[in-house]
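**Student:** Quick one: this structure, given as structure tokens, is what I'll be asking you about.
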Amino acid sequence: MSNEKITVDITGMTCDHCAATIKKFLGTLPGINAEVSYQNSNAIIEITENTPVDKIIETIKSAGFKAVQR
């Protein structure tokens, strides 16, 4: 998995602060660069290391949101 981009639909965000929280949680994972959009209710995530998609989804859930890969 090198330089793969995925889109994750996220529910439960109510403001830009929620998006910032998700981005902060995703920032703890190795090889992840995420752009999280409250307006679009999603995250576009570039994976540059072998971080499994399931781990990304679980990280978003641990921040208190629901997430599904598009």
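Residues are named by chain letter and number: chains run A, B, ... in the order of the structure tokens, numbers start at 1 in each chain, and ligands are numbered from 1 in the order shown.
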Excluding segment 33-50 of chain A and its own-chain neighbours fewer than 5 positions away, which residues fall within 7 Å of it when counting only C-alpha atoms? Please give them as a PyMOL selection string.

**Tutor:** chain A and resi 1-11+13+15-16+19+23

**Student:** Would you give me, as an MDAnalysis selection string, the residues in chain A that DSSP reads as alpha helix (DSSP H)?

**Tutor:** chainID A and resid 16:26 53:62

**Student:** With only C-alpha atoms as the basis for distance, which of A:Ala20, A:Gly31, A:Leu26, A:Thr14 is at the shortest distance from Lys61 of chain A?

**Tutor:**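 Among the listed residues, the smallest separation from Lys61 of chain A belongs to A:Leu26.
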
**Student:** Name all residues at most 12 Å from Thr28 of chain A (count only C-alpha atoms; drop same-chain ones fewer than 2 positions away) and give them as number ranges by chain.

**Tutor:** A: 21-26, 30-34, 51, 55-56, 59-60, 63
